[in-house]
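Student: So here's my_file05.pdb, just PDB, C-alpha atoms:
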```pdb
ATOM      1  CA  MET X   1       0.000   0.000   0.000
ATOM      2  CA  LEU X   2       2.919   2.259   0.941
ATOM      3  CA  VAL X   3       4.505   1.739  -2.513
ATOM      4  CA  LEU X   4       1.288   2.788  -4.288
ATOM      5  CA  SER X   5       0.917   6.000  -2.324
ATOM      6  CA  TYR X   6       4.622   6.747  -2.888
ATOM      7  CA  HIS X   7       4.100   6.411  -6.653
ATOM      8  CA  LEU X   8       0.997   8.544  -6.493
ATOM      9  CA  THR X   9       2.796  11.366  -4.696
ATOM     10  CA  LEU X  10       5.251  11.262  -7.593
ATOM     11  CA  VAL X  11       2.921  10.804 -10.544
ATOM     12  CA  VAL X  12      -0.079  12.958  -9.587
ATOM     13  CA  PRO X  13       1.749  16.338  -9.345
ATOM     14  CA  VAL X  14       3.479  15.663 -12.673
ATOM     15  CA  ALA X  15       0.185  14.778 -14.373
ATOM     16  CA  VAL X  16      -1.583  17.831 -12.920
ATOM     17  CA  ALA X  17       1.249  20.150 -13.996
ATOM     18  CA  ALA X  18       1.242  18.644 -17.500
ATOM     19  CA  VAL X  19      -2.534  19.026 -17.837
ATOM     20  CA  VAL X  20      -2.655  22.628 -16.582
ATOM     21  CA  GLY X  21       0.379  23.679 -18.613
ATOM     22  CA  THR X  22      -0.906  22.126 -21.829
ATOM     23  CA  TYR X  23      -4.367  23.570 -21.337
ATOM     24  CA  LEU X  24      -3.093  27.146 -20.847
ATOM     25  CA  ILE X  25      -0.732  26.984 -23.819
ATOM     26  CA  SER X  26      -3.306  25.526 -26.218
ATOM     27  CA  ARG X  27      -5.957  28.034 -25.024
ATOM     28  CA  TYR X  28      -3.539  30.864 -25.790
ATOM     29  CA  TYR X  29      -2.799  29.657 -29.312
ATOM     30  CA  SER X  30      -6.394  28.743 -30.106
ATOM     31  CA  ARG X  31      -7.604  32.185 -28.998
ATOM     32  CA  ALA X  32      -5.030  33.812 -31.318
ATOM     33  CA  SER X  33      -6.099  31.689 -34.278
ATOM     34  CA  CYS X  34      -9.799  31.942 -33.406
ATOM     35  CA  SER X  35      -9.870  35.736 -33.414
ATOM     36  CA  LYS X  36      -8.544  35.491 -36.970
ATOM     37  CA  GLY X  37     -11.361  33.128 -37.822
ATOM     38  CA  LYS X  38     -13.300  32.968 -41.064
ATOM     39  CA  VAL X  39     -16.325  35.210 -41.555
ATOM     40  CA  ASN X  40     -17.878  32.991 -44.237
ATOM     41  CA  LEU X  41     -18.224  29.341 -43.209
ATOM     42  CA  GLU X  42     -20.546  28.056 -45.952
ATOM     43  CA  GLN X  43     -21.324  30.390 -48.880
ATOM     44  CA  SER X  44     -19.780  29.427 -52.235
ATOM     45  CA  LYS X  45     -16.628  28.053 -50.659
ATOM     46  CA  ASP X  46     -15.500  26.881 -54.116
ATOM     47  CA  THR X  47     -15.213  30.521 -55.170
ATOM     48  CA  ALA X  48     -11.985  32.467 -54.570
ATOM     49  CA  LYS X  49     -13.833  35.652 -53.582
ATOM     50  CA  VAL X  50     -17.610  36.021 -53.261
ATOM     51  CA  VAL X  51     -18.588  39.385 -54.801
ATOM     52  CA  HIS X  52     -22.121  40.398 -55.757
ATOM     53  CA  SER X  53     -23.097  43.295 -57.996
ATOM     54  CA  PHE X  54     -26.634  44.615 -58.597
ATOM     55  CA  ASP X  55     -27.981  47.355 -60.817
ATOM     56  CA  MET X  56     -30.293  49.720 -58.958
ATOM     57  CA  GLU X  57     -32.747  49.519 -61.827
ATOM     58  CA  ASP X  58     -33.212  45.803 -61.066
ATOM     59  CA  ILE X  59     -33.689  46.151 -57.310
ATOM     60  CA  GLY X  60     -37.282  47.323 -57.314
ATOM     61  CA  LYS X  61     -38.443  49.231 -54.198
ATOM     62  CA  LYS X  62     -36.193  47.648 -51.587
ATOM     63  CA  ALA X  63     -33.636  44.877 -51.038
ATOM     64  CA  VAL X  64     -32.127  43.627 -47.786
ATOM     65  CA  TYR X  65     -28.645  42.144 -48.147
ATOM     66  CA  CYS X  66     -27.019  39.685 -45.766
ATOM     67  CA  ARG X  67     -23.753  40.646 -44.048
ATOM     68  CA  CYS X  68     -23.528  37.779 -41.544
ATOM     69  CA  TRP X  69     -22.963  35.147 -44.275
ATOM     70  CA  ARG X  70     -25.348  32.744 -42.522
ATOM     71  CA  SER X  71     -28.480  33.407 -44.640
ATOM     72  CA  LYS X  72     -30.022  30.505 -46.518
ATOM     73  CA  LYS X  73     -31.054  33.095 -49.155
ATOM     74  CA  PHE X  74     -27.596  34.653 -49.444
ATOM     75  CA  PRO X  75     -26.817  37.337 -50.681
ATOM     76  CA  TYR X  76     -30.244  38.338 -49.370
ATOM     77  CA  CYS X  77     -30.982  38.518 -45.667
ATOM     78  CA  ASP X  78     -33.294  35.896 -44.137
ATOM     79  CA  GLY X  79     -32.878  36.969 -40.503
ATOM     80  CA  ALA X  80     -30.162  34.405 -39.773
ATOM     81  CA  HIS X  81     -28.107  37.151 -38.086
ATOM     82  CA  THR X  82     -30.449  36.975 -35.088
ATOM     83  CA  LYS X  83     -29.509  33.367 -34.268
ATOM     84  CA  HIS X  84     -25.847  34.073 -35.066
ATOM     85  CA  ASN X  85     -25.784  37.090 -32.727
ATOM     86  CA  GLU X  86     -27.492  35.135 -29.947
ATOM     87  CA  GLU X  87     -25.062  32.191 -30.279
ATOM     88  CA  THR X  88     -21.875  34.258 -30.466
ATOM     89  CA  GLY X  89     -22.658  37.584 -28.791
ATOM     90  CA  ASP X  90     -22.004  39.281 -32.124
ATOM     91  CA  ASN X  91     -23.915  42.352 -33.364
ATOM     92  CA  VAL X  92     -24.091  42.017 -37.130
ATOM     93  CA  GLY X  93     -27.060  43.082 -39.185
ATOM     94  CA  PRO X  94     -28.020  43.556 -42.846
ATOM     95  CA  LEU X  95     -27.577  46.288 -45.430
ATOM     96  CA  ILE X  96     -30.817  47.797 -46.779
ATOM     97  CA  ILE X  97     -30.967  49.470 -50.209
ATOM     98  CA  LYS X  98     -34.285  51.116 -50.994
ATOM     99  CA  ARG X  99     -36.037  53.807 -52.956
ATOM    100  CA  ARG X 100     -36.590  56.912 -50.892
ATOM    101  CA  ASP X 101     -40.362  56.462 -51.011
ATOM    102  CA  ALA X 102     -40.258  52.779 -50.093
TER     103      ALA X 102
ATOM    104  CA  MET Q 103      21.431   6.819 -11.019
ATOM    105  CA  LEU Q 104      19.233   3.708 -11.082
ATOM    106  CA  VAL Q 105      16.629   5.422  -8.867
ATOM    107  CA  LEU Q 106      16.460   8.434 -11.219
ATOM    108  CA  SER Q 107      15.887   6.341 -14.321
ATOM    109  CA  TYR Q 108      13.265   4.296 -12.437
ATOM    110  CA  HIS Q 109      11.377   7.501 -11.573
ATOM    111  CA  LEU Q 110      11.674   8.714 -15.143
ATOM    112  CA  THR Q 111      10.214   5.509 -16.550
ATOM    113  CA  LEU Q 112       7.257   6.178 -14.244
ATOM    114  CA  VAL Q 113       6.838   9.922 -14.634
ATOM    115  CA  VAL Q 114       7.585  10.500 -18.328
ATOM    116  CA  PRO Q 115       4.774   8.286 -19.761
ATOM    117  CA  VAL Q 116       2.273   9.876 -17.383
ATOM    118  CA  ALA Q 117       3.363  13.390 -18.352
ATOM    119  CA  VAL Q 118       3.259  12.587 -22.073
ATOM    120  CA  ALA Q 119      -0.197  11.024 -21.776
ATOM    121  CA  ALA Q 120      -1.469  14.038 -19.807
ATOM    122  CA  VAL Q 121      -0.064  16.508 -22.345
ATOM    123  CA  VAL Q 122      -1.418  14.669 -25.406
ATOM    124  CA  GLY Q 123      -4.816  14.049 -23.796
ATOM    125  CA  THR Q 124      -5.250  17.646 -22.678
ATOM    126  CA  TYR Q 125      -4.131  18.999 -26.023
ATOM    127  CA  LEU Q 126      -6.621  16.895 -27.990
ATOM    128  CA  ILE Q 127      -9.529  17.701 -25.688
ATOM    129  CA  SER Q 128      -8.879  21.451 -25.633
ATOM    130  CA  ARG Q 129      -8.393  21.507 -29.425
ATOM    131  CA  TYR Q 130     -11.764  19.810 -29.851
ATOM    132  CA  TYR Q 131     -13.571  22.327 -27.644
ATOM    133  CA  SER Q 132     -11.762  25.371 -29.027
ATOM    134  CA  ARG Q 133     -12.562  24.313 -32.614
ATOM    135  CA  ALA Q 134     -16.247  24.005 -31.673
ATOM    136  CA  SER Q 135     -16.324  27.437 -30.054
ATOM    137  CA  CYS Q 136     -14.136  28.971 -32.776
ATOM    138  CA  SER Q 137     -16.391  27.878 -35.643
ATOM    139  CA  LYS Q 138     -19.196  29.746 -33.865
ATOM    140  CA  GLY Q 139     -16.921  32.765 -33.752
ATOM    141  CA  LYS Q 140     -17.929  36.375 -34.228
ATOM    142  CA  VAL Q 141     -18.071  37.843 -37.745
ATOM    143  CA  ASN Q 142     -17.699  41.449 -36.546
ATOM    144  CA  LEU Q 143     -14.718  42.001 -34.264
ATOM    145  CA  GLU Q 144     -14.563  45.799 -34.240
ATOM    146  CA  GLN Q 145     -17.416  47.736 -35.903
ATOM    147  CA  SER Q 146     -19.767  49.632 -33.542
ATOM    148  CA  LYS Q 147     -19.493  47.037 -30.829
ATOM    149  CA  ASP Q 148     -21.563  49.290 -28.570
ATOM    150  CA  THR Q 149     -24.538  48.781 -30.873
ATOM    151  CA  ALA Q 150     -26.887  45.815 -30.394
ATOM    152  CA  LYS Q 151     -27.233  45.202 -34.138
ATOM    153  CA  VAL Q 152     -25.377  47.072 -36.889
ATOM    154  CA  VAL Q 153     -27.844  47.750 -39.711
ATOM    155  CA  HIS Q 154     -27.312  50.243 -42.556
ATOM    156  CA  SER Q 155     -29.962  51.587 -44.889
ATOM    157  CA  PHE Q 156     -29.358  53.716 -48.010
ATOM    158  CA  ASP Q 157     -31.736  55.323 -50.466
ATOM    159  CA  MET Q 158     -30.781  54.567 -54.069
ATOM    160  CA  GLU Q 159     -31.288  58.221 -54.915
ATOM    161  CA  ASP Q 160     -28.378  59.073 -52.588
ATOM    162  CA  ILE Q 161     -25.955  56.453 -53.878
ATOM    163  CA  GLY Q 162     -24.883  58.206 -57.058
ATOM    164  CA  LYS Q 163     -23.456  55.973 -59.823
ATOM    165  CA  LYS Q 164     -21.958  53.204 -57.717
ATOM    166  CA  ALA Q 165     -21.237  52.128 -54.136
ATOM    167  CA  VAL Q 166     -19.173  49.200 -52.872
ATOM    168  CA  TYR Q 167     -20.258  47.882 -49.475
ATOM    169  CA  CYS Q 168     -18.099  45.912 -47.077
ATOM    170  CA  ARG Q 169     -19.168  42.401 -46.031
ATOM    171  CA  CYS Q 170     -15.996  41.278 -44.239
ATOM    172  CA  TRP Q 171     -16.466  43.810 -41.391
ATOM    173  CA  ARG Q 172     -12.743  44.651 -41.445
ATOM    174  CA  SER Q 173     -12.953  47.863 -43.531
ATOM    175  CA  LYS Q 174     -11.672  51.079 -41.986
ATOM    176  CA  LYS Q 175     -14.361  52.852 -44.067
ATOM    177  CA  PHE Q 176     -17.186  50.537 -42.970
ATOM    178  CA  PRO Q 177     -19.946  50.182 -44.246
ATOM    179  CA  TYR Q 178     -17.998  50.899 -47.409
ATOM    180  CA  CYS Q 179     -15.373  48.520 -48.756
ATOM    181  CA  ASP Q 180     -11.707  49.550 -48.546
ATOM    182  CA  GLY Q 181     -10.226  46.280 -49.796
ATOM    183  CA  ALA Q 182      -9.607  44.918 -46.288
ATOM    184  CA  HIS Q 183     -11.153  41.599 -47.358
ATOM    185  CA  THR Q 184      -7.987  40.800 -49.304
ATOM    186  CA  LYS Q 185      -5.813  40.733 -46.182
ATOM    187  CA  HIS Q 186      -8.545  38.957 -44.196
ATOM    188  CA  ASN Q 187      -8.857  36.247 -46.879
ATOM    189  CA  GLU Q 188      -5.084  35.780 -47.041
ATOM    190  CA  GLU Q 189      -4.778  35.502 -43.243
ATOM    191  CA  THR Q 190      -7.681  33.120 -42.709
ATOM    192  CA  GLY Q 191      -8.197  31.308 -46.020
ATOM    193  CA  ASP Q 192     -11.637  32.884 -46.216
ATOM    194  CA  ASN Q 193     -13.294  33.979 -49.511
ATOM    195  CA  VAL Q 194     -15.412  37.012 -48.616
ATOM    196  CA  GLY Q 195     -15.889  39.963 -50.916
ATOM    197  CA  PRO Q 196     -18.022  43.120 -51.169
ATOM    198  CA  LEU Q 197     -21.507  43.939 -52.406
ATOM    199  CA  ILE Q 198     -21.638  46.395 -55.338
ATOM    200  CA  ILE Q 199     -24.739  48.516 -56.004
ATOM    201  CA  LYS Q 200     -24.576  50.547 -59.200
ATOM    202  CA  ARG Q 201     -26.537  52.228 -61.937
ATOM    203  CA  ARG Q 202     -26.772  50.076 -65.028
ATOM    204  CA  ASP Q 203     -24.721  52.524 -67.070
ATOM    205  CA  ALA Q 204     -22.017  52.924 -64.401
TER     206      ALA Q 204
END
```
Re-express the file's structure as structure tokens.
Tutor:
Amino acid sequence: MLVLSYHLTLVVPVAVAAVVGTYLISRYYSRASCSKGKVNLEQSKDTAKVVHSFDMEDIGKKAVYCRCWRSKKFPYCDGAHTKHNEETGDNVGPLIIKRRDA
Amino acid sequence: MLVLSYHLTLVVPVAVAAVVGTYLISRYYSRASCSKGKVNLEQSKDTAKVVHSFDMEDIGKKAVYCRCWRSKKFPYCDGAHTKHNEETGDNVGPLIIKRRDA
């Protein structure tokens, strides 16, 4: 019994130090890489750069464009920013282009 | 000398296992939280939801709107998406609203 507890007094501090040390280091590096995370996770990922262009004459009275990149109707807004903001604490919202009398 | 190597044969495997285990677990959780990361890191963070609305009559011939949220001229595009895409492997680009003859 004495041998076991001797081993434990040796092994447990080492294991705890290794766990805490590794956790702090990997948290540091993941936070650095996370803050440089992607904005667009799903839209047209086979495209080098997703650009949209619209002529005002084709817009009609009003159009609401997505800027959170989560909309199922991208490039148009479908309200997906609400769920995204709730999940992440973000504050993104759409861009509205309209006729003055709309 | 024998005692030291005996301790090492005990301690080293435990430390290695603790480091590898902790690393894998924290990578898993950080990836999950990272993929739900914020889109907007800097723009108007004191605002609950950043929405912009423009009347076509005020746009003139053409306007290029930022969708990467990194522009220093937000809501207008200043090309910041290029650096963002290079740093993160993302593929975001702006929204262009223009007159047909622009």
Student: Any idea which chain X residues end up within 6 Å of chain Q if we count all atoms listed in the file, as a PyMOL selection string please?
Tutor: chain X and resi 11+15+18-19+22+34+38-39+48-56+67+88+90-100
Student: Would you mind aligning chain Q to chain X, a least-squares fit over all C-alpha atoms taken in order, and returning the superposed chain as a JSON list (two decimals) with C-alpha atoms, in the coordinates of the input?
Tutor:
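Written output follows (part_7.json):
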```json
[["chain", "number", "residue", "atom", "x", "y", "z"],
["Q", 103, "MET", "CA", -0.13, 0.40, 0.36],
["Q", 104, "LEU", "CA", 2.76, 2.69, 1.33],
["Q", 105, "VAL", "CA", 4.42, 2.13, -2.07],
["Q", 106, "LEU", "CA", 1.21, 3.09, -3.91],
["Q", 107, "SER", "CA", 0.77, 6.34, -2.03],
["Q", 108, "TYR", "CA", 4.47, 7.13, -2.55],
["Q", 109, "HIS", "CA", 4.04, 6.71, -6.32],
["Q", 110, "LEU", "CA", 0.90, 8.81, -6.26],
["Q", 111, "THR", "CA", 2.63, 11.67, -4.47],
["Q", 112, "LEU", "CA", 5.14, 11.57, -7.33],
["Q", 113, "VAL", "CA", 2.87, 11.02, -10.31],
["Q", 114, "VAL", "CA", -0.19, 13.13, -9.47],
["Q", 115, "PRO", "CA", 1.60, 16.54, -9.26],
["Q", 116, "VAL", "CA", 3.39, 15.83, -12.53],
["Q", 117, "ALA", "CA", 0.14, 14.87, -14.27],
["Q", 118, "VAL", "CA", -1.69, 17.92, -12.92],
["Q", 119, "ALA", "CA", 1.12, 20.25, -13.98],
["Q", 120, "ALA", "CA", 1.20, 18.68, -17.46],
["Q", 121, "VAL", "CA", -2.58, 18.99, -17.87],
["Q", 122, "VAL", "CA", -2.76, 22.61, -16.68],
["Q", 123, "GLY", "CA", 0.30, 23.66, -18.69],
["Q", 124, "THR", "CA", -0.92, 22.05, -21.90],
["Q", 125, "TYR", "CA", -4.41, 23.45, -21.48],
["Q", 126, "LEU", "CA", -3.18, 27.03, -21.04],
["Q", 127, "ILE", "CA", -0.77, 26.85, -23.97],
["Q", 128, "SER", "CA", -3.29, 25.33, -26.38],
["Q", 129, "ARG", "CA", -5.98, 27.82, -25.29],
["Q", 130, "TYR", "CA", -3.58, 30.67, -26.03],
["Q", 131, "TYR", "CA", -2.79, 29.40, -29.53],
["Q", 132, "SER", "CA", -6.37, 28.44, -30.37],
["Q", 133, "ARG", "CA", -7.63, 31.89, -29.30],
["Q", 134, "ALA", "CA", -5.04, 33.52, -31.58],
["Q", 135, "SER", "CA", -6.02, 31.37, -34.55],
["Q", 136, "CYS", "CA", -9.74, 31.61, -33.74],
["Q", 137, "SER", "CA", -9.81, 35.42, -33.70],
["Q", 138, "LYS", "CA", -8.41, 35.26, -37.25],
["Q", 139, "GLY", "CA", -11.26, 32.91, -38.11],
["Q", 140, "LYS", "CA", -13.22, 32.83, -41.33],
["Q", 141, "VAL", "CA", -16.26, 35.09, -41.75],
["Q", 142, "ASN", "CA", -17.83, 32.92, -44.48],
["Q", 143, "LEU", "CA", -18.17, 29.27, -43.53],
["Q", 144, "GLU", "CA", -20.49, 28.05, -46.28],
["Q", 145, "GLN", "CA", -21.30, 30.44, -49.15],
["Q", 146, "SER", "CA", -19.78, 29.57, -52.56],
["Q", 147, "LYS", "CA", -16.64, 28.15, -51.04],
["Q", 148, "ASP", "CA", -15.53, 27.08, -54.51],
["Q", 149, "THR", "CA", -15.24, 30.73, -55.49],
["Q", 150, "ALA", "CA", -12.01, 32.67, -54.85],
["Q", 151, "LYS", "CA", -13.86, 35.83, -53.79],
["Q", 152, "VAL", "CA", -17.63, 36.19, -53.42],
["Q", 153, "VAL", "CA", -18.62, 39.58, -54.86],
["Q", 154, "HIS", "CA", -22.18, 40.64, -55.77],
["Q", 155, "SER", "CA", -23.17, 43.58, -57.93],
["Q", 156, "PHE", "CA", -26.72, 44.90, -58.46],
["Q", 157, "ASP", "CA", -28.07, 47.69, -60.61],
["Q", 158, "MET", "CA", -30.38, 50.00, -58.66],
["Q", 159, "GLU", "CA", -32.85, 49.87, -61.53],
["Q", 160, "ASP", "CA", -33.30, 46.13, -60.85],
["Q", 161, "ILE", "CA", -33.75, 46.38, -57.09],
["Q", 162, "GLY", "CA", -37.34, 47.58, -57.04],
["Q", 163, "LYS", "CA", -38.47, 49.41, -53.87],
["Q", 164, "LYS", "CA", -36.21, 47.75, -51.32],
["Q", 165, "ALA", "CA", -33.65, 44.97, -50.85],
["Q", 166, "VAL", "CA", -32.11, 43.64, -47.64],
["Q", 167, "TYR", "CA", -28.63, 42.17, -48.07],
["Q", 168, "CYS", "CA", -26.99, 39.66, -45.77],
["Q", 169, "ARG", "CA", -23.71, 40.56, -44.04],
["Q", 170, "CYS", "CA", -23.45, 37.63, -41.61],
["Q", 171, "TRP", "CA", -22.92, 35.07, -44.42],
["Q", 172, "ARG", "CA", -25.28, 32.61, -42.70],
["Q", 173, "SER", "CA", -28.42, 33.35, -44.78],
["Q", 174, "LYS", "CA", -29.98, 30.49, -46.72],
["Q", 175, "LYS", "CA", -31.04, 33.14, -49.28],
["Q", 176, "PHE", "CA", -27.58, 34.72, -49.56],
["Q", 177, "PRO", "CA", -26.83, 37.44, -50.74],
["Q", 178, "TYR", "CA", -30.22, 38.39, -49.37],
["Q", 179, "CYS", "CA", -30.95, 38.49, -45.65],
["Q", 180, "ASP", "CA", -33.23, 35.81, -44.17],
["Q", 181, "GLY", "CA", -32.80, 36.79, -40.52],
["Q", 182, "ALA", "CA", -30.06, 34.22, -39.88],
["Q", 183, "HIS", "CA", -28.00, 36.91, -38.13],
["Q", 184, "THR", "CA", -30.32, 36.67, -35.13],
["Q", 185, "LYS", "CA", -29.36, 33.06, -34.40],
["Q", 186, "HIS", "CA", -25.70, 33.76, -35.21],
["Q", 187, "ASN", "CA", -25.63, 36.73, -32.79],
["Q", 188, "GLU", "CA", -27.31, 34.69, -30.05],
["Q", 189, "GLU", "CA", -24.88, 31.78, -30.48],
["Q", 190, "THR", "CA", -21.70, 33.84, -30.63],
["Q", 191, "GLY", "CA", -22.47, 37.13, -28.87],
["Q", 192, "ASP", "CA", -21.85, 38.90, -32.16],
["Q", 193, "ASN", "CA", -23.78, 42.02, -33.30],
["Q", 194, "VAL", "CA", -23.98, 41.76, -37.09],
["Q", 195, "GLY", "CA", -26.97, 42.89, -39.10],
["Q", 196, "PRO", "CA", -27.97, 43.45, -42.74],
["Q", 197, "LEU", "CA", -27.53, 46.24, -45.26],
["Q", 198, "ILE", "CA", -30.80, 47.78, -46.54],
["Q", 199, "ILE", "CA", -30.97, 49.53, -49.93],
["Q", 200, "LYS", "CA", -34.29, 51.21, -50.65],
["Q", 201, "ARG", "CA", -36.07, 53.93, -52.54],
["Q", 202, "ARG", "CA", -36.64, 56.99, -50.40],
["Q", 203, "ASP", "CA", -40.40, 56.54, -50.50],
["Q", 204, "ALA", "CA", -40.27, 52.81, -49.69]]
```
Student: In Å to one decimal, how far is atom CA of Lys83 of chain X from atom CA of Glu144 of chain Q?
Tutor: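 Separation of atom CA of Glu144 of chain Q and atom CA of Lys83 of chain X: 19.4 Å.
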Student: In Å to one decimal, how far is atom CA of Ser71 of chain X from atom CA of Asp180 of chain Q?
Tutor: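 That distance, rounded to one decimal, is 23.6 Å.
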Student: Mind giving me the straight-line distance from atom CA of Lys73 of chain X to atom CA of Lys174 of chain Q in Å, one decimal?
Tutor: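 Interatomic distance here is 27.4 Å.
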Student: So that all listed atoms of segment 6-24 of chain X fit with 4 Å spare on each side, what axis-aligned box centre and edge lengths in Å, to one decimal, would you give as lines of an AutoDock Vina configuration file?
Tutor:
```
center_x = 0.4
center_y = 16.8
center_z = -12.4
size_x = 17.6
size_y = 28.7
size_z = 26.9
```
